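Colleague: My structure is in input_32.tsv, and what it holds is TSV, C-alpha atoms:
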chain	number	residue	atom	x	y	z
A	26	MET	CA	-8.23	-5.61	29.05
A	27	ILE	CA	-9.79	-6.98	25.87
A	28	ARG	CA	-11.27	-10.43	25.30
A	29	VAL	CA	-12.97	-11.81	22.18
A	30	GLN	CA	-14.40	-15.26	22.82
A	31	GLU	CA	-17.03	-17.78	21.76
A	32	THR	CA	-17.67	-19.16	25.25
A	33	PRO	CA	-20.17	-17.52	27.64
A	34	PHE	CA	-18.93	-15.26	30.43
A	35	ASP	CA	-20.39	-14.41	33.84
A	36	PRO	CA	-21.04	-10.64	34.08
A	37	GLY	CA	-20.99	-10.82	37.88
A	38	GLU	CA	-17.56	-12.42	37.95
A	39	GLU	CA	-16.22	-9.87	35.47
A	40	LEU	CA	-17.60	-6.97	37.50
A	41	ALA	CA	-16.14	-8.39	40.71
A	42	ALA	CA	-12.75	-8.79	39.01
A	43	ILE	CA	-12.50	-5.15	37.92
A	44	CYS	CA	-13.73	-3.94	41.34
A	45	ASP	CA	-10.83	-5.89	42.84
A	46	GLY	CA	-8.27	-3.86	40.87
A	47	GLY	CA	-6.75	-1.81	43.68
A	48	THR	CA	-7.64	0.85	46.24
A	49	ALA	CA	-7.09	3.75	43.81
A	50	ILE	CA	-10.45	2.82	42.27
A	51	GLY	CA	-13.31	4.92	43.58
A	52	GLY	CA	-16.00	3.94	41.12
A	53	VAL	CA	-16.77	1.27	38.53
A	54	CYS	CA	-19.34	1.57	35.73
A	55	SER	CA	-20.49	-1.44	33.74
A	56	PHE	CA	-22.68	-2.24	30.75
A	57	VAL	CA	-23.92	-5.68	29.67
A	58	GLY	CA	-25.45	-6.19	26.23
A	59	LEU	CA	-27.92	-9.10	26.00
A	60	VAL	CA	-29.58	-11.01	23.16
A	61	ARG	CA	-33.07	-9.52	22.97
A	62	ASP	CA	-36.23	-11.36	21.87
A	63	MET	CA	-38.61	-8.57	20.93
A	64	PRO	CA	-41.50	-9.07	20.34
A	65	PRO	CA	-41.34	-12.16	22.59
A	66	GLY	CA	-41.07	-15.43	20.66
A	67	SER	CA	-39.80	-13.81	17.44
A	68	LEU	CA	-36.11	-14.72	17.81
A	69	SER	CA	-34.81	-18.26	18.33
A	70	ALA	CA	-31.11	-17.37	18.33
A	71	MET	CA	-28.55	-14.86	17.14
A	72	THR	CA	-25.18	-15.61	15.55
A	73	LEU	CA	-22.39	-13.08	15.66
A	74	GLU	CA	-19.81	-13.27	12.90
A	75	HIS	CA	-16.57	-11.35	13.27
A	76	TYR	CA	-13.29	-10.61	11.52
A	77	PRO	CA	-10.59	-12.35	13.58
A	78	GLY	CA	-7.54	-10.15	13.92
A	79	MET	CA	-9.20	-6.87	12.99
A	80	THR	CA	-11.69	-7.30	15.83
A	81	GLU	CA	-8.96	-7.49	18.46
A	82	ARG	CA	-7.06	-4.66	16.79
A	83	MET	CA	-10.07	-2.32	16.76
A	84	LEU	CA	-11.09	-3.12	20.35
A	85	ALA	CA	-7.53	-2.48	21.53
A	86	GLU	CA	-7.52	0.85	19.67
A	87	ILE	CA	-10.87	1.90	21.14
A	88	ASP	CA	-9.70	0.89	24.62
A	89	ARG	CA	-6.45	2.84	24.20
A	90	GLN	CA	-8.41	5.95	23.25
A	91	ALA	CA	-10.58	5.62	26.37
A	92	HIS	CA	-7.43	5.48	28.52
A	93	ASP	CA	-6.03	8.51	26.67
A	94	ARG	CA	-9.14	10.58	27.28
A	95	TRP	CA	-10.08	9.65	30.84
A	96	PRO	CA	-8.01	8.91	33.97
A	97	LEU	CA	-8.87	5.20	34.16
A	98	GLU	CA	-7.44	2.72	36.63
A	99	ALA	CA	-8.75	-0.23	34.61
A	100	SER	CA	-11.07	-1.22	31.78
A	101	ARG	CA	-12.54	-4.53	30.70
A	102	VAL	CA	-14.12	-5.17	27.30
A	103	ILE	CA	-15.46	-8.64	26.46
A	104	HIS	CA	-17.26	-9.43	23.21
A	105	ARG	CA	-18.60	-12.83	22.22
A	106	TYR	CA	-19.03	-14.32	18.76
A	107	GLY	CA	-20.88	-17.42	17.58
A	108	ARG	CA	-24.42	-18.58	18.34
A	109	MET	CA	-26.34	-17.21	21.35
A	110	GLU	CA	-29.90	-17.53	22.57
A	111	PRO	CA	-32.17	-14.80	24.00
A	112	GLY	CA	-31.02	-13.66	27.44
A	113	GLU	CA	-27.36	-14.53	26.88
A	114	ALA	CA	-24.76	-11.81	27.36
A	115	ILE	CA	-23.08	-10.64	24.13
A	116	VAL	CA	-20.86	-7.84	25.35
A	117	PHE	CA	-19.48	-6.52	28.63
A	118	VAL	CA	-17.84	-3.14	29.16
A	119	ALA	CA	-16.61	-1.91	32.53
A	120	THR	CA	-14.44	1.05	33.47
A	121	ALA	CA	-12.82	1.88	36.79
A	122	SER	CA	-11.61	5.30	37.88
A	123	ALA	CA	-11.01	7.37	40.98
A	124	HIS	CA	-14.25	9.26	40.28
A	125	ARG	CA	-17.60	8.33	38.84
A	126	GLN	CA	-17.73	10.84	35.99
A	127	ALA	CA	-14.73	9.34	34.20
A	128	ALA	CA	-16.11	5.83	34.71
A	129	PHE	CA	-19.57	6.72	33.36
A	130	GLU	CA	-18.32	8.71	30.37
A	131	SER	CA	-15.59	6.32	29.29
A	132	GLY	CA	-17.92	3.33	29.57
A	133	GLN	CA	-20.44	4.98	27.29
A	134	PHE	CA	-17.66	6.00	24.91
A	135	LEU	CA	-16.43	2.40	24.72
A	136	ILE	CA	-19.80	0.84	23.95
A	137	ASP	CA	-20.76	3.61	21.50
A	138	TRP	CA	-17.49	3.29	19.60
A	139	LEU	CA	-17.30	-0.47	19.51
A	140	LYS	CA	-20.82	-0.65	18.04
A	141	THR	CA	-19.69	1.36	15.03
A	142	ARG	CA	-16.03	0.30	14.72
A	143	ALA	CA	-15.58	-3.32	15.83
A	144	PRO	CA	-16.15	-5.73	12.90
A	145	PHE	CA	-19.04	-7.85	14.18
A	146	TRP	CA	-22.23	-8.72	12.30
A	147	LYS	CA	-25.45	-10.06	13.81
A	148	PHE	CA	-27.54	-12.72	12.08
A	149	GLU	CA	-30.99	-13.31	13.60
A	150	GLU	CA	-32.52	-16.79	13.40
A	151	THR	CA	-36.28	-16.45	13.13
A	152	ALA	CA	-39.26	-18.70	12.29
A	153	ASP	CA	-39.04	-17.73	8.62
A	154	GLY	CA	-35.31	-18.46	8.31
A	155	GLY	CA	-33.25	-15.52	9.31
A	156	ARG	CA	-31.80	-12.16	8.38
A	157	TRP	CA	-28.68	-10.05	8.78
A	158	VAL	CA	-29.33	-7.13	11.12
A	159	ASP	CA	-29.03	-3.71	9.48
A	160	ALA	CA	-26.78	-1.07	11.00
A	161	ARG	CA	-28.66	1.70	12.79
A	162	THR	CA	-27.97	5.36	12.07
A	163	GLU	CA	-28.69	6.03	15.76
A	164	ASP	CA	-25.52	4.08	16.57
A	165	ASP	CA	-23.47	6.26	14.21
A	166	ASP	CA	-25.00	9.35	15.81
A	167	ALA	CA	-24.17	8.05	19.30
A	168	ALA	CA	-20.55	7.42	18.33
A	169	ALA	CA	-20.29	10.77	16.54
A	170	ARG	CA	-21.07	12.59	19.79
A	171	TRP	CA	-17.60	11.58	20.96
A	172	VAL	CA	-15.70	12.80	17.92
A	173	ARG	CA	-12.96	15.29	18.53
A	174	ASP	CA	-10.15	16.05	16.15
A	175	ARG	CA	-7.84	13.28	17.27
A	176	ASP	CA	-10.60	10.64	16.96
A	177	GLN	CA	-10.43	11.06	13.21
A	178	THR	CA	-7.54	8.62	13.26
A	179	ILE	CA	-10.00	5.73	13.49
A	180	ALA	CA	-12.91	7.37	11.67
B	10	MET	CA	-3.96	-10.22	-2.72
B	11	LYS	CA	-6.19	-11.88	-0.14
B	12	VAL	CA	-9.81	-10.71	-0.35
B	13	LEU	CA	-12.18	-11.56	2.53
B	14	TYR	CA	-15.97	-11.28	2.60
B	15	PHE	CA	-18.21	-11.17	5.67
B	16	ALA	CA	-21.94	-11.41	6.54
B	17	TRP	CA	-24.38	-11.01	3.63
B	18	VAL	CA	-21.55	-9.94	1.32
B	19	ARG	CA	-20.04	-13.41	1.86
B	20	ASN	CA	-23.44	-15.03	1.22
B	21	ALA	CA	-23.89	-13.14	-2.06
B	22	VAL	CA	-20.34	-13.76	-3.33
B	23	GLY	CA	-20.55	-17.43	-2.33
B	24	THR	CA	-17.20	-17.66	-0.53
B	25	GLY	CA	-15.46	-16.06	2.43
B	26	GLN	CA	-12.01	-15.73	0.88
B	27	GLU	CA	-10.35	-15.44	-2.52
B	28	ASP	CA	-6.69	-15.18	-3.45
B	29	LEU	CA	-6.61	-12.86	-6.44
B	30	GLN	CA	-4.19	-11.05	-8.70
B	31	PRO	CA	-5.94	-7.89	-9.91
B	32	PRO	CA	-4.52	-6.23	-13.05
B	33	ALA	CA	-1.94	-3.48	-12.60
B	34	GLU	CA	-4.45	-0.68	-13.25
B	35	VAL	CA	-6.31	-1.60	-10.04
B	36	GLY	CA	-4.63	0.78	-7.59
B	37	THR	CA	-7.38	1.94	-5.23
B	38	VAL	CA	-10.20	0.47	-3.15
B	39	GLN	CA	-12.77	1.88	-5.58
B	40	GLN	CA	-10.99	0.37	-8.59
B	41	LEU	CA	-10.76	-2.98	-6.80
B	42	LEU	CA	-14.51	-2.98	-6.07
B	43	ASP	CA	-15.25	-2.12	-9.72
B	44	TRP	CA	-13.02	-4.98	-10.88
B	45	LEU	CA	-14.48	-7.45	-8.38
B	46	ALA	CA	-18.07	-6.55	-9.32
B	47	ASP	CA	-17.52	-8.05	-12.79
B	48	ARG	CA	-16.21	-11.40	-11.52
B	49	SER	CA	-19.63	-13.04	-11.14
B	50	ALA	CA	-23.33	-12.31	-10.75
B	51	GLY	CA	-22.90	-12.79	-6.99
B	52	HIS	CA	-20.02	-10.31	-6.80
B	53	GLY	CA	-22.08	-7.84	-8.82
B	54	GLU	CA	-25.06	-8.23	-6.51
B	55	ALA	CA	-22.95	-7.86	-3.36
B	56	LEU	CA	-21.21	-4.72	-4.62
B	57	ALA	CA	-24.16	-3.06	-6.41
B	58	ASP	CA	-24.91	-0.53	-3.65
B	59	ARG	CA	-21.61	0.89	-2.44
B	60	ALA	CA	-23.38	2.83	0.33
B	61	ARG	CA	-24.00	-0.55	2.01
B	62	ILE	CA	-20.34	-1.65	1.74
B	63	ARG	CA	-17.39	-1.03	4.04
B	64	VAL	CA	-13.79	-1.96	3.26
B	65	ALA	CA	-10.75	-2.65	5.41
B	66	VAL	CA	-7.21	-2.81	4.01
B	67	ASN	CA	-4.77	-4.75	6.19
B	68	GLN	CA	-7.36	-4.70	9.01
B	69	ALA	CA	-7.87	-0.93	9.06
B	70	PHE	CA	-10.94	0.86	7.68
B	71	ALA	CA	-10.26	2.29	4.22
B	72	ALA	CA	-11.86	4.93	1.99
B	73	PRO	CA	-12.60	4.49	-1.77
B	74	GLU	CA	-9.51	6.48	-2.79
B	75	ASP	CA	-7.10	4.59	-0.51
B	76	PRO	CA	-4.43	2.48	-2.24
B	77	VAL	CA	-4.43	-1.30	-2.54
B	78	ALA	CA	-1.48	-3.42	-3.63
B	79	ALA	CA	-0.46	-7.02	-4.20
B	80	GLY	CA	0.08	-8.69	-0.84
B	81	ASP	CA	-2.63	-6.65	0.90
B	82	GLU	CA	-5.42	-8.25	2.91
B	83	VAL	CA	-8.64	-6.56	1.79
B	84	ALA	CA	-11.94	-7.24	3.60
B	85	ILE	CA	-15.35	-6.29	2.22
B	86	PHE	CA	-18.38	-6.26	4.51
B	87	PRO	CA	-21.61	-4.48	5.50
B	88	PRO	CA	-21.66	-1.72	8.15
B	89	VAL	CA	-20.88	-3.41	11.47
B	90	THR	CA	-23.63	-4.41	13.93
B	91	GLY	CA	-21.85	-5.62	17.06
B	92	GLY	CA	-22.30	-4.59	20.66
Spit out the file's structure as structure tokens when you get a sec.

Modeller:
Amino acid sequence: MIRVQETPFDPGEELAAICDGGTAIGGVCSFVGLVRDMPPGSLSAMTLEHYPGMTERMLAEIDRQAHDRWPLEASRVIHRYGRMEPGEAIVFVATASAHRQAAFESGQFLIDWLKTRAPFWKFEETADGGRWVDARTEDDDAAARWVRDRDQTIA
Amino acid sequence: MKVLYFAWVRNAVGTGQEDLQPPAEVGTVQQLLDWLADRSAGHGEALADRARIRVAVNQAFAAPEDPVAAGDEVAIFPPVTGG
């Protein structure tokens, strides 16, 4: 399940919802990405811009690949856009499977891939105005760990 | 052709969307970027370093040699930073 929204979400409610997805589920893994203020006091807010249409398309494609590669009972990917303050949740990824290994691996796959494939851009508001966040090569490296031949379709 | 700009590319170009009719010899992503770069100082600045630019054609990531045609939706943006 994919959601792209401006409004805040409650990570606890989302986690409870996927845990309630049926008795075939033996394990659920979740990741919550938060707006970070580091060093403390340096960031007043962050605005996420996105490409409506392509965002949903890419998240659906990434989610489909996770279901192709692992035996998942359910998945839940939520990504916010718009203005957020430090401590607010930006992204939520959870995966449910009969066994923990599939849940752990597919959850990491989802967050690694969406960081390098979903069209979002972070703008940091700071005391001296603001700046667009640069992409990190570490994120590309993290996503590349998952590349197998058939992943080239979205490379 | 609808051309969209996002993040600092949009800031440099000065608009988020243009409806354009490139000349017939513009047949690939690379040729489109070359043509766009001459439209204004802002376009030129945004497209100066192609290593910092990513392109999507009809909402799918595209390479420099991929084709573009009238009626396509082409988006030009920096490497993504979501998650």

Colleague: Do you have the atom CA of B:His52-atom CA of B:Val18 distance handy?

Modeller: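 Going from atom CA of B:His52 over to atom CA of B:Val18, I get 8.3 Å.
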
Colleague: Using 9 Å as the limit and counting all atoms listed in the file, can you tabulate each residue of stretch 58-85 of chain B that touches stretch 78-81 of chain A, with its shortest atom-to-atom distance in Å and the two atoms involved, as JSON lines?

Modeller:
{"residue": "B:Ala65", "atom": "CA", "partner": "A:Met79", "partner_atom": "CA", "distance": 8.8}
{"residue": "B:Asn67", "atom": "CA", "partner": "A:Met79", "partner_atom": "CA", "distance": 8.4}
{"residue": "B:Gln68", "atom": "CA", "partner": "A:Met79", "partner_atom": "CA", "distance": 4.9}
{"residue": "B:Ala69", "atom": "CA", "partner": "A:Met79", "partner_atom": "CA", "distance": 7.2}

Colleague: Would you mind telling me which residue in A:Phe34, A:Phe117, A:Tyr106, A:Tyr76 lies nearest to A:Phe56 when using all atoms listed in the file?

Modeller: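 Going through A:Phe34, A:Phe117, A:Tyr106, A:Tyr76 one by one, the smallest distance to A:Phe56 is for A:Phe117.
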
Colleague: Which residues of chain B come within 9 Å of chain A, and what is each one's closest atom pair and distance in Å (one decimal), counting all atoms listed in the file, sorted by chain and residue number, as a tab-separated table?

Modeller:
residue	atom	partner	partner_atom	distance
B:Phe15	CA	A:Tyr76	CA	7.7
B:Ala16	CA	A:Trp146	CA	6.4
B:Trp17	CA	A:Trp157	CA	6.8
B:Ala65	CA	A:Met79	CA	8.8
B:Asn67	CA	A:Met79	CA	8.4
B:Gln68	CA	A:Met79	CA	4.9
B:Ala69	CA	A:Met79	CA	7.2
B:Phe70	CA	A:Ile179	CA	7.6
B:Ala84	CA	A:Tyr76	CA	8.7
B:Phe86	CA	A:Pro144	CA	8.7
B:Pro87	CA	A:Trp146	CA	8.0
B:Pro88	CA	A:Ala160	CA	5.9
B:Val89	CA	A:Pro144	CA	5.5
B:Thr90	CA	A:Trp146	CA	4.8
B:Gly91	CA	A:Phe145	CA	4.6
B:Gly92	CA	A:Lys140	CA	5.0

Colleague: Just to be explicit: take each residue in the selection above, keep C-alpha atoms, and write the result as a JSON list (two decimals), in the coordinates of the input.

Modeller:
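The result, written out as again_25.json:
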[["chain", "number", "residue", "atom", "x", "y", "z"],
["B", 15, "PHE", "CA", -18.21, -11.17, 5.67],
["B", 16, "ALA", "CA", -21.94, -11.41, 6.54],
["B", 17, "TRP", "CA", -24.38, -11.01, 3.63],
["B", 65, "ALA", "CA", -10.75, -2.65, 5.41],
["B", 67, "ASN", "CA", -4.77, -4.75, 6.19],
["B", 68, "GLN", "CA", -7.36, -4.70, 9.01],
["B", 69, "ALA", "CA", -7.87, -0.93, 9.06],
["B", 70, "PHE", "CA", -10.94, 0.86, 7.68],
["B", 84, "ALA", "CA", -11.94, -7.24, 3.60],
["B", 86, "PHE", "CA", -18.38, -6.26, 4.51],
["B", 87, "PRO", "CA", -21.61, -4.48, 5.50],
["B", 88, "PRO", "CA", -21.66, -1.72, 8.15],
["B", 89, "VAL", "CA", -20.88, -3.41, 11.47],
["B", 90, "THR", "CA", -23.63, -4.41, 13.93],
["B", 91, "GLY", "CA", -21.85, -5.62, 17.06],
["B", 92, "GLY", "CA", -22.30, -4.59, 20.66]]

Colleague: Could you give me the centre and size, in Å to one decimal, of an axis-aligned box around all listed atoms of stretch 57-60 of chain B with 6 Å added on every side, as JSON?

Modeller:
{"center_x": -23.3, "center_y": -0.1, "center_z": -3.0, "size_x": 15.3, "size_y": 17.9, "size_z": 18.7}

Colleague: To one decimal place in Å, what is the distance between atom CA of A:Gly107 and atom CA of A:Gln30?

Modeller: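 Here the two named atoms are 8.6 Å from each other.
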
Colleague: Smallest atom-to-atom distance to A:Arg28: which of A:Ala42, A:Val102, A:Ala119, A:Ile50, using all atoms listed in the file?

Modeller: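 Among the listed residues, the smallest separation from A:Arg28 belongs to A:Val102.
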